[in-house]
Structure formats: C-alpha cells, structure tokens
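A.B. asks: Take this structure first; my questions come after.
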2 protein chains.
Amino acid sequence: MSEKVDFLLVGGVVVTMNARYDLFAEGAVAVRDDAIVAVGPAEMLLRDYSADETVDCTGKVIFPGMVNAHTHVPMTLVRGLNDDLRLDVWLGYLMPLEREFVTPEFVKLGTRVACAEMIRSGITTFADMYYFEEAIAEETAEIGMRALLGQTVLVFPAPDAETYEDALVRCRRFIEKWNGHPLIQPAVAPHAWYTATPELMRACADLARAYDVPIHTHVSETHLEVSNCREQHRMPVVPWISKHGLLETKLLAAHCVHLDEGEMFQLKKAGAGVAHCPSSNLKLASGMAQVGKMLKIGLNVGVGTDGPASNNDLDMVEEVRLAALMAKAVSDDPTVLPARQALELATIGGARAVHMADKIGSLEPGKKADLVVMDMDGVHNWPHFHNNPDAVYSRIIYAAKSTDVRHVMVNGRWLLRDHQLLTVDEAAAKAEAAKVAAEIDAFVLKRESSPYNKLVLLSGVQRQESFEVQVKVPVADDKLVLEAIQKPELEIVKHSHYRQYDHYFVFGGGDPDAARLRYREDDYVNEKGEVYQTRTRLTLIGESSLHEFPNAVMLSRSRYLAPADRPLRFYREYFAPEKEVTVAKERRRWRVIYQETDFALNLDKILEPALPGFYLEIKSRTWSRHDAERKARLITELLQLLGLDPATAERNEYPEIALQQQTAVS
Amino acid sequence: MSEKVDFLLVGGVVVTMNARYDLFAEGAVAVRDDAIVAVGPAEMLLRDYSADETVDCTGKVIFPGMVNAHTHVPMTLVRGLNDDLRLDVWLGYLMPLEREFVTPEFVKLGTRVACAEMIRSGITTFADMYYFEEAIAEETAEIGMRALLGQTVLVFPAPDAETYEDALVRCRRFIEKWNGHPLIQPAVAPHAWYTATPELMRACADLARAYDVPIHTHVSETHLEVSNCREQHRMPVVPWISKHGLLETKLLAAHCVHLDEGEMFQLKKAGAGVAHCPSSNLKLASGMAQVGKMLKIGLNVGVGTDGPASNNDLDMVEEVRLAALMAKAVSDDPTVLPARQALELATIGGARAVHMADKIGSLEPGKKADLVVMDMDGVHNWPHFHNNPDAVYSRIIYAAKSTDVRHVMVNGRWLLRDHQLLTVDEAAAKAEAAKVAAEIDAFVLKRESSPYNKLVLLSGVQRQESFEVQVKVPVADDKLVLEAIQKPELEIVKHSHYRQYDHYFVFGGGDPDAARLRYREDDYVNEKGEVYQTRTRLTLIGESSLHEFPNAVMLSRSRYLAPADRPLRFYREYFAPEKEVTVAKERRRWRVIYQETDFALNLDKILEPALPGFYLEIKSRTWSRHDAERKARLITELLQLLGLDPATAERNEYPEIALQQQTAVS
C-alpha cells in the first residue's frame with residue numbers, strides 16, 4: 001500500500017545538494033504539507049507514494065530553491081533611476097527621494113514587484129534590509145516566500161524612525177509580532193558600523209540575543225569604509241562589530257569585500273554567514289571579495305543580488321554564475337569555485353549563511369519543500385553530455401538562464417507553474433509601480449529643474465541677500481599699493497593672507513536663483529607662507545542686479561549658503577554643471593577704516609588662470625541707495641590715495657575674466 | 001505621395017547609436033531590401049513611407065544588431081563537456097577529441113546550434129575562428145547571419161590541415177571563394193603568436209594584405225603567454241606581431257587581457273580592433289582586461305563571448321553587462337563604461353572592431369538593416385523612469401535578459417519573429433547535436449576507462465617490457481657499504497649520484513595495464529652537491545608478475561614510457577588519480593661487474609616519507625628463468641660480500657612502503 005502525499009515531482013535529474021551531493025538521474029521528490037517526504041529514484045518513489053498531483057519533470061532538473069542572501073527588495077521601485085554614479089552621489093540623489101516616498105505602501109508594492117522577479121529566477125528565500133520591514137513581512141508572507149527580514153536601525157533619521165531609539169522600538173515590536181512565523185524570520189539590521197554608535201550596536205546585539213534572532217548588517221563593503229574604520233577605531237570592521245557584541249549573535253554579514261584573513265577566521269569561529277554580492281560590488285566598483293579564500297577557511301558564504309537599484313535586477317542565476325566566474329579570476333585559478341560548489345553557495349550554503357540550514361537548502365526528507373524545476377533544453381544549454389553526471393552542475397551554473405525556471409515551490413505551495421506566477425498579480429503590481437515611477441519622475445524633474453532645488457534637497461540652505469559697492473582695478477606693481485596702504489588716512493583694522501580656490505559651476509536654463517554655484521576653499525597662510533587653516537563653503541549665487549556709479553558699481557544678489565562637507569568631486573558629479581570655471585588667487589586682505597567708513601581691500605594675484613600683475617578690489621556693504629552713492633565716492637578717493645586710476649576699473653568679475661581667458665586660449 | 005519600403009518598425013524607443021546618440025522615444029525605422037532607408041519619429045516616418053509590413057514595436061526598444069566580436073561557434077558541440085579546469089588540462093582533454101570529431105559536417109552542425117542561440121540573444125554579426133571555416137561560411141550564409149570568419153592557421157597539425165602550408169592554401173581558397181559575399185567576410189586567423197613561426201605570421205599578413213581581408217588572432221590572453229613572449233622574443237606580444245606584419249592588416253585582436261599602455265597605443269595607431277571577452281577571461285582565470293584604459297586611449301573595443309566551451313553560452317546581453325560591470329571594478333571607478341558606452345561596445349564599437357562600421361553597428365539611413373527589437377516590460381525591468389531619456393541604456397545593459405529579444409533582422413531579412421527562429425530548424429539541430437554528443441560521450445568514456453587510454457590520447461606511448469631480478473635490504477650504516485663496495489671482487493663501471501622525486505598516481509578499476517603512473521624527476525648532483533641536470537619521465541607501470549627465489553625476486557612488468565614535458569600539476573589534474581604517493585630519495589648508484597655479470601647497486605636514503613637508515617637495492621636485468629636463478633644466487637653472494645644479511649630483505653617496493661607509512665600516520 002503506497003503512502004499518500006500531496007505532490008510527486010517525477011523524472012528529470014534531482015540535484016539534492018545533501019552532504020553526499022546525491023544526484024538521481026531519473027529522480028523524484030515527494031511533498032506533503034510544507035515538507036519533503038522523500039527524495040530518490042523515480043521508480044522507487046512511484047512505487048512507494050501516491051500523490052494528489054504528479055508533476056512530470058522529464059528532461060528538467062529539480063534542485064533546492066535558491067537563497068538570495070542580501071537584498072533591499074522595495075528598491076525595485078527605483079530600479080535604473082540613477083546608474084553609473086559614485087556611491088556618495090548616488091546616495092545624494094537617493095536619500096532625499098527615500099525621505100519623500102518611502103511609506104508602508106511603497107515598500108509593500110516594491111516587495112510585490114521584487115517577489116515576482118525573484119520567484120521567476122528560482123529564489124525561494126531572501127534576506128532583506130530596509131524600512132517598514134513589518135509591511136515587507138506582511139507582503140512576503142501573503143505571496144508565500146520565505147525571508148529573513150532585517151528592520152534597519154541607524155543613527156540618522158530614517159523614513160520609518162526619527163531616532164535610533166524609535167527604530168529599536170519598532171524593531172522589537174516587529175520581532176515580537178513575527179518571530180515563529182513559518183515563513184518570516186525577523187531580524188535586527190544595524191545598517192553598518194559607520195551609521196552606528198557603540199551604544200546603538202550594543203543595543204542591536206542585545207535585542208537580537210534577547211529574542212534569538214539574526215543580525216543583518218553591511219560589513220567591509222568598500223576600501224574607504226575599512227580605512228575609515230581603521231583610522232577611527234584603530235581596527236578593521238570585524239573586530240569593531242565584535243567588540244560591540246555582533247559576533248555573539250546569529251550574524252549575516254553582507255558584502256565582506258575587504259576582509260583580512262584574521263577577520264575571516266573570526267567570522268568563521270562565530271558561525272557567521274557572509275552574503276557575497278558580486279554584481280553590486282562590481283557595479284559600484286567596491287572591489288572583489290576573496291570568496292575562494294573564505295571557502296577554504298570554511299566560512300558560510302551565500303550569494304546576494306543586493307538591492308535592484310545597484311544591480312539592476314534580482315536574477316539569482318546570473319548572480320551565482322558571476323560569483324563562480326569572479327572567484328576564479330580573483331584567485332588566479334580556474335579550478336576555484338567549480339560549478340557544484342557554486343550551486344552549493346546558492347542553496348545549502350546560502351541557507352547556512354542566513355541561519356536556516358536546518359530547514360532549507362537541500363532536498364532531503366524532513367526539510368521544507370522549497371524547490372525549483374528548471375528547463376534544460378534551451379538551445380543555449382544544448383547538447384548534454386552524460387559521461388560525467390556532475391555536468392548537470394555546469395549546465396545550471398554556466399549556461400542556464402533564470403528564464404529557464406519553470407516551476408517554483410515554497411513551503412509546499414506552488415508559487416510558479418509553467419512560468420505563471422500564482423500568488424502575485426504581476427500585471428496589477430506593474431501598473432501600480434508605473435504610477436509610483438511617474439510620481440518619482442515628477443519629483444526628480446522638479447529637483448533637476450534647478451541647482452537650487454538640488455541643493456535644498458541635499459543639505460538645506462541658508463539664504464543671504466548681499467548688497468555691495470565695489471570696484472576692481474588692475475595693479476601693475478603691488479609694492480606701491482603696499483606702501484600706500486600704510487598712509488595715515490587709512491586705519492588698518494585687520495590683515496589676513498590666504499589662497500582662495502574657487503570652482504564656479506555654471507548652469508544653463510536661466511534660473512535667476514542660480515546663476516552659478518561656487519565651491520570655495522580658503523587656505524589661510526601664516527607668516528612663513530605655511531597653510532595653517534582651511535575652510536570650504538558652498539554658495540549658490542543668484543543673478544546680480546547691478547547699478548553703476550561713477551568709477552564704481554553697486555551689486556545686489558541673492559546668495560544661498562550651504563556647508564561644503566563633501567569633496568568637490570561629489571558636487572561636480574551631483575550638480576553636473578554645464579560648465580566649470582576655476583579661479584585660484586593669492587589674496588592679501590585688509591579691513592580698513594577710511595573716513596569713518598568700513599572697507600575691505602583685497603590685493604589679489606590671480607594664479608589660475610595665470611594673469612599678469614595684480615588686482616585691487618575695494619568693497620563695502622551697503623543698504624541704501626544714498627549710502628551706496630557716498631561709498632562710491634569714497635572708493636574713488638581711496639583709489640586715488642593708493643595711486644590708482646579709477647578710470648582703469650575692470651567691470652567683469654573674476655569668473656568672467658577666467659572664462660574670457662579660456663575662450664581666448666581655445 | 002509616400003515612398004514604398006518593405007518594413008516599417010513603428011513605436012517604441014529607437015536607439016540609433018549614431019554619432020549623436022539620437023534617441024526617438026516614439027520612433028520608427030524603415031527598411032527596404034537589405035538596408036535602412038529612414039530612422040526618426042514614428043509620426044514622420046508613417047507620413048513619409050508606406051510599407052509592405054508594419055511591425056508594431058510599442059513599448060519595446062529597437063537598437064542595432066549586436067556584434068559578437070570573438071567566438072568559435074562549432075564548439076557549441078562541446079559545451080559543458082569539461083569545466084573548471086586549468087587551460088592546459090582542458091586542452092589536454094579537448095585536442096584529441098577535436099582531432100577525432102571535427103569535420104565539415106561537425107562544424108556546420110555546431111554553427112547551426114550557435115546561430116540559433118546567437119540570434120535569440122540579439123547577435124546579428126559574429127567574428128569566428130575555427131577549422132573548416134568554409135563550411136561555417138556556407139551554414140552561416142544560409143541561416144542569414146553576418147560574420148567575419150577566420151580560417152585557422154597554426155604550426156601544429158589541425159583537423160583541417162596537416163601543415164601550416166596546407167592551412168594557408170585552404171585559407172586562400174576560402175578567401176577567393178567568399179570575398180565580396182554580402183554576409184560573409186573571410187579572414188585569415190593565425191591562431192596566436194605562440195602557435196606560429198615568424199614565417200607563418202608573415203605569410204598570414206601577406207595573404208590578408210593581398211586580398212584586403214582582416215586578420216583574426218588571439219593576443220595576450222594570459223599572463224603566462226606574455227611572459228613567455230618576453231622571454232623568447234624580448235618583447236611583449238603586440239610588438240612581436242607588429243614585427244611580423246600583423247599591424248599592417250585590418251587586425252582583430254581577441255582578448256588583449258595583458259597589454260601595456262604602449263601596446264594599446266600601437267594597436268590604436270594601427271586601427272586594430274580589440275575583442276574583449278569578459279566571461280571567458282574570468283572563467284579561465286586569464287585576468288581582467290583594462291577596458292577603461294583602452295577606451296580612454298580610443299581603441300576600437302568590441303565584446304566577444306569567446307567559444308561556448310569556455311563561457312558556456314553565447315549570451316551577448318549577459319556578456320555586455322559583464323563588460324560594463326568588470327570595467328568599473330578594474331578601474332576602481334563606478335563611472336567607467338556607463339550603460340550607453342557599454343551598448344556602444346556591443347553595436348557600433350563592435351562593428352568598428354571587426355572593421356564593418358561602414359556597413360553596420362548603428363541605425364542610420366544607408367546602413368545594412370541589422371537590428372534587434374527587445375521587450376522592455378518584463379517584471380525584471382520594471383518600472384521605467386522618464387526623467388532622463390538615457391535611462392533606456394541602463395534598462396538594456398543592467399536589467400534586460402537575452403530572452404527579452406523578440407525580433408531580429410539581418411540584412412533586411414527577419415531571422416527571429418516573436419521569439420521564433422525563421423531560418424534555423426532548431427528542433428532538428430538539437431536532435432542532431434544530441435547524437436553527436438552521444439558519440440563524444442562514448443569516446444570520452446573509453447578514454448576515461450583507463451589511464452592507458454588517457455596517456456595514449458595525450459601524447460602516445462612507447463611500450464617496454466621489463467624483467468628484473470632484484471633484492472632490497474635495509475642498511476643501518478652506509479659507511480660500511482661504501483667501504484665494502486671497494487672490495488676487489490667488484491669492478492665499478494660507473495657511479496652516479498642523484499635525487500629522485502617519484503610521484504605515483506594510483507588508480508582504481510583494476511586495469512592490469514595501469515597499476516600506477518609514475519612521474520619521476522631525477523636531479524643529478526655533482527661533487528659539490530649542486531644539481532647540474534634534471535630529467536623528467538612518465539612511466540605507466542602495469543601490474544607486476546612476481547617470481548620468488550631464495551633471498552631475491554624476479555619481477556616482470558609492462559611499462560609504457562611517455563615524455564613528461566608538462567608540469568606535474570597538469571598530470572595530476574588530467575589523470576585525476578584515486579590516490580597519490582610521493583617517494584623522494586637520495587640515490588647513489590653504481591654499475592658493477594661481479595662474476596662477469598652486470599649489476600646495479602642503489603644505495604638509497606628515503607627522504608619522503610622520512611625513513612631511518614638506508615636501503616641497498618641490487619638489480620639485474622634478466623631474460624630467462626635459468627639466468628634469473630643464477631643471478632639470484634649471485635645477489636645473495638653480493639649481499640654477504642657487502643656485509644648484509646639476505647634474510648632481512650624487504651619485499652615491498654618503495655611506494656608500498658610509503659603507503660604503509662601514510663596509513664600508520666593517519
């Protein structure tokens with residue numbers, strides 16, 4: 001009398017990924033409820049089991065559902081929005097957008113789109129890290145995928161938590177609600193060491209241990225991150241997170257691109273999982289993880305797609321192939337990470353990495369019924385050789401495509417049959433996603449419409465109106481001016497000396513609020529000529545309104561000031577100006593009182609573009625037309641006092657002079 | 001009155017890849033005969049042209065057919081046969097197989113399978129290098145793809161030419177027959193500098209120039225290749241091929257993984273094309289080409305899949321994505337090779353690399369009608385953003401799959417419509433390929449059935465029977481033996497001193513011809529203890545038949561000798577023995593005459609496994625039972641003369657002693 005099961009998958013090659021790597025050339029898998037009941041030769045299972053439904057898998061391959069060990073699923077909704085940028089610029093674009101858009105509804109929709117794609121590529125379990133993770137959990141559970149979901153905790157305000165204390169409260173509630181769910185494993189996700197404080201990290205570790213849930217965090221993704229950690233903490237990343245308790249938890253460490261061997265051993269000893277993300281690491285130029293070495297050491301390595309915004313897809317077949325290819329090049333050895341081991345990383349290895357190997361990752365009686373049935377007869381995967389049964393691993397890893405995935409089952413439930421999704425209304429999800437994309441488009445177009453909007457979104461600004469009377473005259477010999485400045489009619493209040501490097505970004509589009517953006521670096525110079533202090537400022541300069549007086553002008557313009565705490569390169573890539581003009585000068589500056597009136601005298605040597613002689617600028621703030629007229633007169637007197645001819649005044653500002661130089665040269 | 005055309009492709013985004021990178025959001029392409037007549041906004045073309053057939057491409061993207069800049073198409077028929085091996089081992093498997101199987105019929109079938117796959121992935125032109133290229137040309141022309149086909153020329157016997165002179169004759173005939181064909185561009189394909197002589201290279205260059213056809217060759221694929229070239233020719237690869245005329249031809253240089261900057265400039269100056277093959281370079285651990293640098297220098301870089309035996313597919317979408325991803329990591333800069341430029345490499349850049357940019361590579365009036373229509377609405381490529389029109393490049397490069405290719409046209413002829421191949425009977429080709437695969441399976445199984453077969457296929461063997469009388473006794477103190485050997489009863493004919501490193505590969509399976517394979521390295525040592533000569537030999541040792549005498553044994557066994565001109569590592573990976581035993585010894589050897597009979601005395605110190613004391617072996621060749629009995633008696637006398645006890649004789653041979661040691665330890 002044969003035993004009753006729900007499903008019998010019969011025929012085709014069964015790739016078990018069990019400890020003996022058993023293969024059954026004409027195999028079968030029996031499933032009852034949420035679990036695998038039997039795996040073996042088709043003949044035997046057909047004899048021993050009778051099924052509600054028998055699925056003919058002849059010519060196909062049946063293997064364990066794949067584990068996407070690191071991703072951020074809601075980011076499907078920003079897929080392809082910004083590419084080919086440096087990480088900081090990309091974040092500069094992305095984070096204001098996330099602040100604007102990320103809500104529980106947003107993450108649910110993004111999860112829906114992601115699950116559709118992941119199921120289609122043979123993923124049955126994924127490890128996520130994002131905001132509003134409880135909404136992601138609801139959506140994932142409804143769709144029927146398995147997941148480790150990490151609620152993000154970081155020091156900065158996030159879309160779902162103003163402070164990290166709020167984030168911890170949210171995380172605790174999330175764990176309490178979902179822990180023990182058959183599909184969802186809640187987890188704590190301190191984003192990374194560099195967005196954490198020691199207290200935050202320790203609190204996350206304590207929370208994870210209190211509920212015995214995993215921690216999901218980013219570790220050593222970029223070279224810069226590691227050198228920052230060494231600089232700030234005198235140790236690399238793994239010792240630091242170890243110091244704050246993370247290695248006492250069930251840790252899932254994403255990326256691990258720049259580990260040294262000691263760190264690998266430390267992670268190994270802690271039983272930690274590593275999520276290797278090859279596409280993302282290449283695309284963001286983060287580097288290439290030493291996967292061959294990690295595997296030699298015996299680390300639990302899985303493969304992750306990372307978020308679809310930095311990949312740009314969730315194609316696990318492609319990801320595992322890339323892992324296999326890259327490991328060889330990095331190790332300089334084509335025998336490293338052979339096909340069978342690559343499939344291992346995607347299945348049982350990934351299951352180990354996400355701390356679920358007791359439940360999933362291989363086709364064995366007693367394990368959850370998470371499996372993939374893949375077509376093997378595409379012309380791209382043809383012909384087949386049978387002299388070595390292990391060739392099936394090669395076919396899956398080196399030639400198969402995710403579109404060869406025909407059926408997918410999770411926890412005994414079919415999610416995909418004959419390429420049709422059974423638990424996601426894909427068309428509806430796509431239509432909704434298109435609507436969100438249109439809203440994002442509008443947001444981005446508004447942001448991109450002016451440098452002002454981009455600056456506001458980046459860091460906020462402080463507005464300042466400026467009214468100045470000023471004149472600038474060429475000076476052939478600075479010695480005469482230096483002597484004249486000592487005349488008793490002038491009282492010198494303050495003297496300073498600095499080098500000033502101005503980078504003007506010039507924009508088209510005629511936004512009167514943003515004629516140009518200036519990135520200014522002031523290098524203060526002491527008596528020995530050494531730089532003793534440096535200051536950088538960002539100023540968005542509106543169009544000038546100019547009023548001429550005899551021998552002087554009054555300028556009024558709007559200025560928006562912002563801290564310039566990022567490198568010039570960032571602003572250049574973020575603002576993508578139409579043109580850039582550089583002016584470097586050596587400035588000797590005096591604040592003087594003349595006729596009871598405050599003036600600034602700048603004696604400038606223009607270094608870039610290299611101009612002959614010097615310029616003397618005389619400036620004074622003003623607030624009224626009457627006051628301006630008076631100051632214009634005083635400036636004329638001052639010029640004469642300094643032995644300069646007011647008639648030689650230069651009307652152009654330095655960037656214009658520089659631009660004329662550029663044009664003359666080219 | 002509107003102009004008449006054959007096809008009007010209407011709607012969707014037209015990505016022209018012309019010099020201005022024109023995009024038409026709602027675009028159209030008009031095709032008449034083999035050429036593009038017009039490209040522009042749909043509205044305009046619908047007004048100006050009337051077509052026999054209008055193809056609605058709404059929601060899709062239309063872009064130039066892709067150029068696979070380097071491959072070996074017939075190798076589809078060995079796809080996945082051997083993977084995860086070092087190049088030399090892989091060639092060790094492959095080349096005997098090619099000698100056996102490669103015929104015009106074989107290459108035609110392989111081409112058919114490859115074309116089916118390539119068309120499906122959006123390739124319209126490919127650059128090939130293989131044998132019987134005229135048969136590949138026939139098949140390709142019939143299927144309707146465009147190709148640059150390089151007939152291989154090398155110094156070794158090839159499946160289609162015994163000598164390189166024969167190959168050159170074949171190549172000339174091939175060029176004469178096909179030059180000027182609308183689809184096929186014949187080319188000369190000297191395989192690589194290291195399989196060429198200066199005369200061969202020069203002859204190839206002369207032939208290419210005489211007919212004004214391209215040269216297709218491998219350049220600087222591995223680090224070893226380059227260091228060999230530097231060693232042999234005192235220059236890297238590009239200067240060497242330049243010296244022999246290749247840079248005076250229309251050159252297509254495949255791989256170019258290890259070029260220095262000077263070589264890049266040299267290739268650039270020569271107008272050469274580079275075929276970058278990322279999958280293959282990673283999979284074989286060849287290295288990572290400096291594509292970012294090449295592009296900066298202005299080289300014409302295309303992307304190639306390489307042969308399907310080292311990839312293992314011909315998926316151009318995947319290949320171009322990988323090129324884009326890798327270039328960023330190699331340059332340590334995520335802004336390198338952005339999506340638009342990546343598509344450029346796959347289209348007009350590839351066209352330049354294969355010297356066809358006047359005909360193909362962009363959608364422009366007057367160019368040949370080679371194009372791809374790709375679906376953009378897969379959930380893996382959703383949603384779309386429209387704030388930046390260039391996002392279409394991101395969608396194609398970072399998220400699209402080759403299975404999104406819906407229609408493909410070459411030279412104005414449809415090869416794929418709605419995912420259906422129109423000019424290849426795919427099912428029939430697959431059935432034939434399965435038959436060939438079964439034959440290859442049989443061949444491989446026979447080869448794999450015994451180390452003897454593997455050795456024969458690798459390098460041929462020389463058979464030798466050996467009959468020896470021998471004894472081996474432990475010696476506590478070598479000084480006594482060294483003194484005794486000077487006795488007048490012994491005449492020393494020759495003395496030598498060497499270190500002997502024996503690696504025994506032990507096989508299961510009970511093949512009497514192949515009990516074990518010995519890789520022996522003899523290091524001859526001079527009086528100062530310095531190694532002055534080294535010799536390596538490979539010996540396949542059959543099972544011994546053993547006849548015992550009092551105090552001695554007669555051994556007879558079959559031995560097959562082969563030159564050991566490859567490293568031990570190669571043989572280890574090629575023969576994949578069940579077990580390996582290493583015996584290293586210091587041997588002092590005397591040939592002596594005793595009682596008018598020739599004996600060899602070996603005084604051995606076993607270094608690995610480290611054994612205490614010494615062994616003395618006494619051996620003599622024998623041919624008859626009677627002679628053997630006499631020599632066994634003389635050996636007993638000799639032992640006594642040397643002060644040794646015949647009763648202590650060791651019955652085991654060294655590898656057995658070593659094995660016992662291993663077992664005792666473990």
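Chain identifiers are assigned as A, B, and so on, following the order in which chains appear in the structure tokens; residues are numbered from 1 within each chain, and ligands are numbered from 1 in order of appearance.
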Report the closest atom pair, with its distance in Å rounded to one decimal, for each residue of chain B that has an atom no farther than 7 Å from chain A; count only C-alpha atoms, sort by chain and then rising residue number, and write it as a Markdown table.

C.D. replies:
| residue | atom | partner | partner_atom | distance |
| --- | --- | --- | --- | --- |
| B:Leu77 | CA | A:Pro383 | CA | 6.5 |
| B:Gly80 | CA | A:Ser394 | CA | 6.1 |
| B:Leu81 | CA | A:Phe385 | CA | 6.3 |
| B:Asp84 | CA | A:Thr335 | CA | 4.7 |
| B:Leu85 | CA | A:Thr335 | CA | 5.3 |
| B:Arg86 | CA | A:Pro334 | CA | 5.6 |
| B:Val113 | CA | A:Val379 | CA | 6.8 |
| B:Glu117 | CA | A:His380 | CA | 5.5 |
| B:Leu282 | CA | A:Ala329 | CA | 4.9 |
| B:Lys283 | CA | A:Leu325 | CA | 4.8 |
| B:Leu284 | CA | A:Pro334 | CA | 4.9 |
| B:Ala285 | CA | A:Ala329 | CA | 4.2 |
| B:Ser286 | CA | A:Ala329 | CA | 6.8 |
| B:Gly287 | CA | A:Ala329 | CA | 5.8 |
| B:Asn311 | CA | A:Tyr398 | CA | 6.8 |
| B:Asn312 | CA | A:Ala399 | CA | 5.3 |
| B:Asp313 | CA | A:Ala399 | CA | 5.4 |
| B:Leu325 | CA | A:Lys283 | CA | 4.8 |
| B:Met326 | CA | A:Leu282 | CA | 5.9 |
| B:Lys328 | CA | A:Ala285 | CA | 5.2 |
| B:Ala329 | CA | A:Ala285 | CA | 4.2 |
| B:Asp332 | CA | A:Ala285 | CA | 5.2 |
| B:Asp333 | CA | A:Ala285 | CA | 5.5 |
| B:Pro334 | CA | A:Leu284 | CA | 4.9 |
| B:Thr335 | CA | A:Asp84 | CA | 4.7 |
| B:Pro338 | CA | A:Asp84 | CA | 5.4 |
| B:Val379 | CA | A:Glu117 | CA | 5.9 |
| B:His380 | CA | A:Glu117 | CA | 5.5 |
| B:Pro383 | CA | A:Ala434 | CA | 5.5 |
| B:His384 | CA | A:Ala437 | CA | 6.7 |
| B:Phe385 | CA | A:Ala437 | CA | 6.0 |
| B:His386 | CA | A:Asp441 | CA | 6.4 |
| B:Asn387 | CA | A:Asp441 | CA | 5.3 |
| B:Ala391 | CA | A:Gly80 | CA | 6.6 |
| B:Ser394 | CA | A:Gly80 | CA | 6.0 |
| B:Arg395 | CA | A:Gly80 | CA | 6.5 |
| B:Tyr398 | CA | A:Asn312 | CA | 5.3 |
| B:Ala399 | CA | A:Asn312 | CA | 5.3 |
| B:Lys430 | CA | A:Pro383 | CA | 6.9 |
| B:Ala433 | CA | A:Pro383 | CA | 5.9 |
| B:Ala434 | CA | A:Pro383 | CA | 5.5 |
| B:Ala437 | CA | A:Phe385 | CA | 6.0 |
| B:Asp441 | CA | A:Asn387 | CA | 5.3 |
| B:Val444 | CA | A:Asn387 | CA | 6.8 |
| B:Leu445 | CA | A:Asn387 | CA | 5.9 |

A.B. asks: Using DSSP assignments from the backbone, pull out every residue in region 147-305 of chain A that falls under strand (DSSP E or B) and give it to me as a PyMOL selection string.

C.D. replies: chain A and resi 147-153+158+161+184-190+192+215-219+251-255+273-276+300-303

A.B. asks: Please return, as number ranges by chain, all residues of region 190-243 of chain B that DSSP assigns to helix (DSSP H, G or I) on the basis of the backbone.

C.D. replies: B: 193-195, 198-211, 223-233, 237-243

A.B. asks: Hey, can you spit out that residue selection with N, CA and C atoms as a tab-separated table (two decimals), in the first residue's frame?

C.D. replies:
chain	number	residue	atom	x	y	z
B	193	TRP	N	50.47	34.05	-31.53
B	193	TRP	CA	51.92	34.12	-31.78
B	193	TRP	C	52.60	32.84	-31.33
B	194	TYR	N	52.09	32.22	-30.27
B	194	TYR	CA	52.80	31.07	-29.69
B	194	TYR	C	52.49	29.76	-30.40
B	195	THR	N	51.59	29.81	-31.37
B	195	THR	CA	51.40	28.64	-32.23
B	195	THR	C	51.81	28.97	-33.65
B	198	PRO	N	57.71	32.88	-37.21
B	198	PRO	CA	57.77	34.17	-37.92
B	198	PRO	C	57.33	34.04	-39.37
B	199	GLU	N	57.72	32.95	-40.03
B	199	GLU	CA	57.35	32.77	-41.45
B	199	GLU	C	55.85	32.64	-41.60
B	200	LEU	N	55.24	31.84	-40.69
B	200	LEU	CA	53.79	31.65	-40.74
B	200	LEU	C	53.07	32.98	-40.56
B	201	MET	N	53.49	33.77	-39.56
B	201	MET	CA	52.85	35.06	-39.29
B	201	MET	C	52.95	35.96	-40.51
B	202	ARG	N	54.15	36.02	-41.05
B	202	ARG	CA	54.39	36.89	-42.19
B	202	ARG	C	53.52	36.44	-43.38
B	203	ALA	N	53.43	35.13	-43.59
B	203	ALA	CA	52.62	34.61	-44.69
B	203	ALA	C	51.15	34.98	-44.50
B	204	CYS	N	50.68	34.91	-43.26
B	204	CYS	CA	49.29	35.28	-42.97
B	204	CYS	C	49.07	36.76	-43.27
B	205	ALA	N	50.02	37.60	-42.81
B	205	ALA	CA	49.88	39.04	-43.04
B	205	ALA	C	49.88	39.34	-44.53
B	206	ASP	N	50.77	38.67	-45.27
B	206	ASP	CA	50.84	38.90	-46.71
B	206	ASP	C	49.53	38.49	-47.40
B	207	LEU	N	49.01	37.34	-46.96
B	207	LEU	CA	47.76	36.85	-47.55
B	207	LEU	C	46.63	37.85	-47.28
B	208	ALA	N	46.55	38.32	-46.04
B	208	ALA	CA	45.48	39.26	-45.67
B	208	ALA	C	45.59	40.55	-46.48
B	209	ARG	N	46.82	41.02	-46.65
B	209	ARG	CA	47.00	42.27	-47.40
B	209	ARG	C	46.72	42.08	-48.89
B	210	ALA	N	47.11	40.92	-49.41
B	210	ALA	CA	46.89	40.66	-50.83
B	210	ALA	C	45.41	40.74	-51.17
B	211	TYR	N	44.56	40.27	-50.28
B	211	TYR	CA	43.11	40.25	-50.56
B	211	TYR	C	42.37	41.34	-49.78
B	223	HIS	N	48.67	35.87	-18.61
B	223	HIS	CA	49.91	36.44	-18.13
B	223	HIS	C	51.09	35.57	-18.56
B	224	LEU	N	50.91	34.26	-18.49
B	224	LEU	CA	51.97	33.33	-18.87
B	224	LEU	C	52.38	33.55	-20.33
B	225	GLU	N	51.38	33.72	-21.18
B	225	GLU	CA	51.65	33.94	-22.60
B	225	GLU	C	52.56	35.14	-22.80
B	226	VAL	N	52.24	36.21	-22.08
B	226	VAL	CA	53.02	37.44	-22.24
B	226	VAL	C	54.43	37.26	-21.70
B	227	SER	N	54.56	36.58	-20.55
B	227	SER	CA	55.91	36.45	-20.01
B	227	SER	C	56.72	35.48	-20.88
B	228	ASN	N	56.05	34.48	-21.46
B	228	ASN	CA	56.77	33.63	-22.42
B	228	ASN	C	57.26	34.42	-23.62
B	229	CYS	N	56.41	35.30	-24.10
B	229	CYS	CA	56.79	36.09	-25.28
B	229	CYS	C	57.97	37.00	-24.96
B	230	ARG	N	57.91	37.60	-23.79
B	230	ARG	CA	59.01	38.47	-23.38
B	230	ARG	C	60.30	37.66	-23.25
B	231	GLU	N	60.17	36.47	-22.73
B	231	GLU	CA	61.35	35.64	-22.54
B	231	GLU	C	61.92	35.19	-23.89
B	232	GLN	N	61.03	34.73	-24.77
B	232	GLN	CA	61.51	34.18	-26.04
B	232	GLN	C	61.92	35.26	-27.02
B	233	HIS	N	61.17	36.37	-27.03
B	233	HIS	CA	61.40	37.36	-28.09
B	233	HIS	C	61.87	38.71	-27.56
B	237	VAL	N	53.66	40.95	-26.72
B	237	VAL	CA	53.04	40.31	-27.88
B	237	VAL	C	52.79	41.27	-29.04
B	238	VAL	N	52.28	42.48	-28.73
B	238	VAL	CA	51.92	43.38	-29.84
B	238	VAL	C	53.14	43.77	-30.68
B	239	PRO	N	54.24	44.16	-30.06
B	239	PRO	CA	55.43	44.44	-30.89
B	239	PRO	C	55.85	43.23	-31.73
B	240	TRP	N	55.69	42.03	-31.19
B	240	TRP	CA	56.12	40.86	-31.95
B	240	TRP	C	55.22	40.65	-33.17
B	241	ILE	N	53.91	40.73	-32.97
B	241	ILE	CA	53.04	40.53	-34.15
B	241	ILE	C	53.18	41.71	-35.11
B	242	SER	N	53.53	42.87	-34.55
B	242	SER	CA	53.78	44.02	-35.41
B	242	SER	C	55.01	43.77	-36.28
B	243	LYS	N	56.04	43.25	-35.64
B	243	LYS	CA	57.29	42.94	-36.35
B	243	LYS	C	57.03	42.00	-37.53

A.B. asks: Distance CA of Ile143 (chain B)-CA of Arg32 (chain B), one decimal place?

C.D. replies: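 Rounded to one decimal, the two atoms are 19.7 Å apart.
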